[in-house]
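S.K.: Below you'll find the structure I mean.
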Amino acid sequence: MDALIQSFGLLTTTLVVPMAILGMVWGIFGGALPGLSPSITMALLLPFTYTMDPIPAIVLLAATYVGAEYGGSVPAILIRTPGTNAAAATLIDGYEMKKQGKAGEALGISLYASSIGNFAGIICLILFTAPLSQLALTFRPTTYFALGILGLSVIATVSEGLLTKGVIAALIGLMIATIGTDPVSGVARFTYGNPNLLTGVPIILVMVGLFAVSEVLEQISLKSQWEKVKDGASRLRMPNWAMQKKIAVSNVIGSGIGIFCGIMPGAGGTVASFMAYNEARRFSKTPEEFGKGSPEGVAAPEAANNADAGVGLIPLLSFGIPASNSTAILLGGFLIHGLIPGPVLFDKDPTILYGLFSGLVVASIALIPAAYLTLSVCIWLVNRPKPYLMAFILALVFSGAYSINASLFDLGLVLAAGVFGLGMRYFGLPMLPTILGLVLGYMIEANYRRSLVISGGDHAIFLEDKIAVVFLVLSVIFLGISLVQEFRTRRTIKTDGGG
Amino acid sequence: MTKDLGLGVIALLFSVFYISQAAGIPTSALGDAVGAGGVPLILGWIMAGAGAMLILHDLWLRRAGLNVPAPVSEAFQEPRRLVMMGGGVVLITIVYLAVLRFLGYIPATALFLATLFVYQRVPVTGAMALVSIGGAVVLWLLFDAFLGIDLPDGLLAGVL
C-alpha cells in the first residue's frame, strides 16, 4: 500500500508523466524508422538524461523502449520494412493486410495487441521484481561472481551464430572493462599514459558507438532506399468487438510467450514474436489465413514483443544484469546517475523503481493516444530521404556525446567504437555479449578477487556458496548444450552434404 | 580466406599482443593473490583458445567440404562500396571533430551535414544548404540553449 501511495505521489510531484509521454512518442518515432532499433533510439537519448533528475531520466528511457516496440510495426505494415527486428513477424500478415487495403485495421490491431502485451509485461514486472531482488540480497561476492559468469554464458550461447563467436564477443567486452585503474590494487592497466583512460572506458560512449554509429555506417553503405508510403496517411482503426474476440486467443498466446521469453536472458522480442506467430497459427481456427493477411498473425507477435519488453526489465532491476541491448542502454541510464540497479537499489532507494513502474504504466496508457497522434508524423519521417536522416542521426550522436564531458577524446572514442562495431557486424559477432562483458566485467573481476581475498587465495570458497555453485553449474550446462547443438548441426550438414 | 578464419587469426594475434601487455602490468604492494594482471592474463588465454577453435573449426569445415559462406547483410556484399562509403563517412567525421572547436559548433555542424549529404549524392541545391544550416541551428538550440550544454563558439564567439 505504501508503494502505491509513493508511486502516486511521484506521478504528481515529479516529471514522470511528461517524460513517460515524451519517451513513448520518441520511441514510436525511433521504432518507426527502419534501421533505428529500440536500443539505438534509447542510446540517442542518453546524453540528454545527464542533466535530468534520476527518476524522470529512467522513465524517459524505459518509455522509449516501450514505444519503440510498437513503433517498429508501423513501417513493417506500411512499407514491408520492419522498424525493429521484433516487428519482422508482424510484417508477414501486416503487409498482406495493407495490400488488401486494410492498413488502418492492421495498425489498429497491432496497437491494441501491443497495449495488451505491454500491460501483461508490466504487471509481471511489478509482481516479480521485488521478490527476486529480496533473494539477491543474500548474495555474497562469490555469488555475484557466479551470477556474472552465468549472465555472460547465457548471452554468449543464445546469441546468433557460433558459440565461439559469442565467447569472443563477450571477451572483447571484458577486455575493454579491464582498461583503467585496477579495482583492488589501484594499478593503471592498458592506459598507455593517457589520463582520459584512468577511470576506464565510459560504457555509455561505447554503447552509442557500437549501436548507433555502426548502424549509420552500415545504412549509408547500403544501395537500397526505403520504400515510400504511397497511399498517403493510413487512418488507424482500432479493432471492433468482433475483431477483439477473434484475436483474443492470439493476444493471450503472444503475451504468455512474451513473458516467458522476457524472463530468459538473450531470447528477446524477436524470438518471442516469431514463437508467438507460430503458436497462434497452431491454435487458430483459421490457420490457412496466416501469411495471407490474418489479423491474428499481426496480434500475436505484437503482444509478444511488447510483453517481452516489460518482463525483460526484471533481470536488470532484480540482479543488475541486462538481458537485451535495450536493457543494457537502460542500465547506462542508471549508471549516469550513479545508480546501480539490483537488490541494493530496491532495498535502499525503492522510490526510483516505484517511479519507473508508475512511469511505465503511464506510458502504456499513453500508447494508444500517442500512436493515433503520431501516425502521420511517423509516415512523414519514413518518407524522408535516407541520406538526410542518417546525417542528422550522426550529428545528433556526436553532439550528444560531446555534451557529456565536453571532450573531443570522448567523440574519438565514440567514432572508434562505431568503426569497431562495423567490423563486428562484418565478422558476424553479436553485440550484446560485448556490452554485457563491458557491463559485468567490473562485477566479475572485483567479486572474484574479493572472494579470494576473503579465503586467502583458496578457490574452494566458490564451492562453499550453494547459490554460486548452482549458477556455475548452470553456466556449464548452457555452454554444454550450445556445444552439443552446434555439433549436431554440423553432423546434419555433413549427412545432408553426403547425401 | 573465409570470415571465420580471418576472425580466428585476428583473435589469436590480438591475444598474443594482449597477453604480452597483461604480463607487463606491474604488481602492487596492495595487491591480492591474483594481482592486477591476473584477470587480463586469463582473458588473453581464453581469447587465444577461442581464436584457435575458430581456425580449427573453419579448417575442419573446409576439409569436409562443408564451408558454406554465411548469409551477410546487404552492406557487406559489396566490400568496396562499404569501404568507400563507410570509410568516407569516418574521414568526414574525423575532419569534423578536428575543426569543431576552431570553427565553432554551428558552422562546423552545418558543414558536416552538408558534406554528408553531398557524399551520399544528395543534389547540391539551396534547399540542401538550408537544411544543413537549419539542422545545425536546431541542434545548437536543443543542446546549448535548451539543455545548457556549453558547445564551442569558435568563429562565432561574441556573436552567440
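By order in the C-alpha cells, chains are A, B, ...; within a chain, residues start at 1; ligands start at 1, following the order shown.
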Give me, as a PyMOL selection string, the contact residues of chain B against chain A at a cut-off of 7 Å, counting only C-alpha atoms.

M.R.: chain B and resi 3+7+25+28+30-34+36+39-40+43+47+50+54+74-76+81-82+85-86+97+113+116-117+120+149

S.K.: Suppose we keep N, CA and C atoms; can you now write the selection as a tab-separated table (two decimals), in the first residue's frame?

M.R.:
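out_9.tsv, freshly written:
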```tsv
chain	number	residue	atom	x	y	z
B	3	LYS	N	35.57	-15.50	-43.57
B	3	LYS	CA	35.49	-14.52	-42.48
B	3	LYS	C	35.83	-15.16	-41.14
B	7	LEU	N	38.68	-14.02	-38.70
B	7	LEU	CA	38.39	-13.61	-37.32
B	7	LEU	C	39.23	-14.42	-36.34
B	25	ILE	N	51.89	-5.76	-16.69
B	25	ILE	CA	51.20	-4.93	-15.69
B	25	ILE	C	51.92	-5.08	-14.35
B	28	SER	N	51.30	-4.58	-7.33
B	28	SER	CA	51.27	-3.55	-6.30
B	28	SER	C	51.46	-4.19	-4.94
B	30	LEU	N	49.80	-3.39	-2.55
B	30	LEU	CA	48.43	-3.54	-2.03
B	30	LEU	C	47.70	-4.70	-2.70
B	31	GLY	N	48.38	-5.33	-3.64
B	31	GLY	CA	47.72	-6.34	-4.47
B	31	GLY	C	47.32	-7.59	-3.72
B	32	ASP	N	46.46	-8.39	-4.36
B	32	ASP	CA	45.98	-9.63	-3.80
B	32	ASP	C	46.69	-10.79	-4.48
B	33	ALA	N	46.22	-12.00	-4.22
B	33	ALA	CA	46.87	-13.19	-4.79
B	33	ALA	C	46.82	-13.19	-6.31
B	34	VAL	N	45.71	-12.68	-6.88
B	34	VAL	CA	45.54	-12.71	-8.34
B	34	VAL	C	46.37	-11.61	-8.99
B	36	ALA	N	46.87	-7.37	-10.34
B	36	ALA	CA	46.18	-6.54	-11.34
B	36	ALA	C	46.21	-7.18	-12.73
B	39	VAL	N	43.54	-11.29	-14.02
B	39	VAL	CA	42.33	-11.48	-14.83
B	39	VAL	C	42.61	-11.19	-16.32
B	40	PRO	N	43.32	-10.08	-16.64
B	40	PRO	CA	43.64	-9.87	-18.06
B	40	PRO	C	44.39	-11.06	-18.68
B	43	LEU	N	41.87	-13.72	-19.43
B	43	LEU	CA	41.06	-13.34	-20.61
B	43	LEU	C	41.86	-13.54	-21.89
B	47	MET	N	40.88	-15.95	-24.96
B	47	MET	CA	40.75	-15.39	-26.32
B	47	MET	C	41.61	-16.19	-27.30
B	50	ALA	N	39.81	-19.38	-27.99
B	50	ALA	CA	38.64	-19.18	-28.85
B	50	ALA	C	39.08	-18.94	-30.30
B	54	LEU	N	38.21	-21.31	-33.51
B	54	LEU	CA	37.54	-20.81	-34.71
B	54	LEU	C	38.33	-21.20	-35.97
B	74	GLU	N	23.31	-6.89	-46.65
B	74	GLU	CA	23.49	-6.32	-47.99
B	74	GLU	C	24.72	-5.40	-48.05
B	75	ALA	N	24.96	-4.68	-46.94
B	75	ALA	CA	26.08	-3.72	-46.91
B	75	ALA	C	27.43	-4.41	-47.11
B	76	PHE	N	27.52	-5.68	-46.64
B	76	PHE	CA	28.81	-6.37	-46.71
B	76	PHE	C	28.96	-7.21	-47.98
B	81	ARG	N	32.21	-0.88	-51.84
B	81	ARG	CA	31.27	0.21	-51.56
B	81	ARG	C	31.26	0.53	-50.06
B	82	LEU	N	31.34	-0.54	-49.25
B	82	LEU	CA	31.35	-0.36	-47.80
B	82	LEU	C	32.55	0.47	-47.37
B	85	MET	N	32.05	4.13	-48.84
B	85	MET	CA	31.00	4.92	-48.16
B	85	MET	C	31.29	5.03	-46.65
B	86	GLY	N	31.46	3.87	-46.00
B	86	GLY	CA	31.71	3.88	-44.55
B	86	GLY	C	33.00	4.61	-44.22
B	97	LEU	N	35.47	16.56	-36.26
B	97	LEU	CA	35.95	16.62	-34.87
B	97	LEU	C	37.18	17.52	-34.76
B	113	LEU	N	27.05	18.34	-41.94
B	113	LEU	CA	25.80	17.84	-42.53
B	113	LEU	C	25.83	17.97	-44.05
B	116	LEU	N	28.09	15.43	-45.61
B	116	LEU	CA	27.48	14.09	-45.58
B	116	LEU	C	26.37	13.95	-46.63
B	117	PHE	N	25.59	15.02	-46.80
B	117	PHE	CA	24.54	14.97	-47.83
B	117	PHE	C	25.17	14.77	-49.21
B	120	GLN	N	26.55	11.46	-49.90
B	120	GLN	CA	25.50	10.44	-50.17
B	120	GLN	C	24.72	10.79	-51.44
B	149	ILE	N	24.15	23.01	-22.44
B	149	ILE	CA	25.49	22.45	-22.70
B	149	ILE	C	26.32	23.53	-23.39
```

S.K.: Near B:Ser132, counting only C-alpha atoms, which residues have an atom at most 8 Å away, once you skip same-chain residues fewer than 6 positions from it, shown as a VMD selection string?

M.R.: chain B and resid 109 to 111 113 to 114

S.K.: Take the residues from that selection and put them in a file with C-alpha atoms, as a CSV table (one decimal), in the first residue's frame.

M.R.:
```csv
chain,number,residue,atom,x,y,z
B,109,THR,CA,28.0,21.0,-37.9
B,110,ALA,CA,26.4,22.8,-40.9
B,111,LEU,CA,29.5,21.9,-43.0
B,113,LEU,CA,25.8,17.8,-42.5
B,114,ALA,CA,26.3,19.4,-46.0
```

S.K.: Residues at most 8 Å from B:Ala52, counting only C-alpha atoms, excluding those fewer than 5 positions away in the same chain, as a list in words?

M.R.: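 The residues satisfying every condition are Gly8, Val9 and Leu12 of chain B.
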
S.K.: Within 8 Å of B:Leu103, counting only C-alpha atoms, which residues qualify if same-chain residues fewer than 6 places away don't, as an MDAnalysis selection string?

M.R.: chainID B and resid 153:156
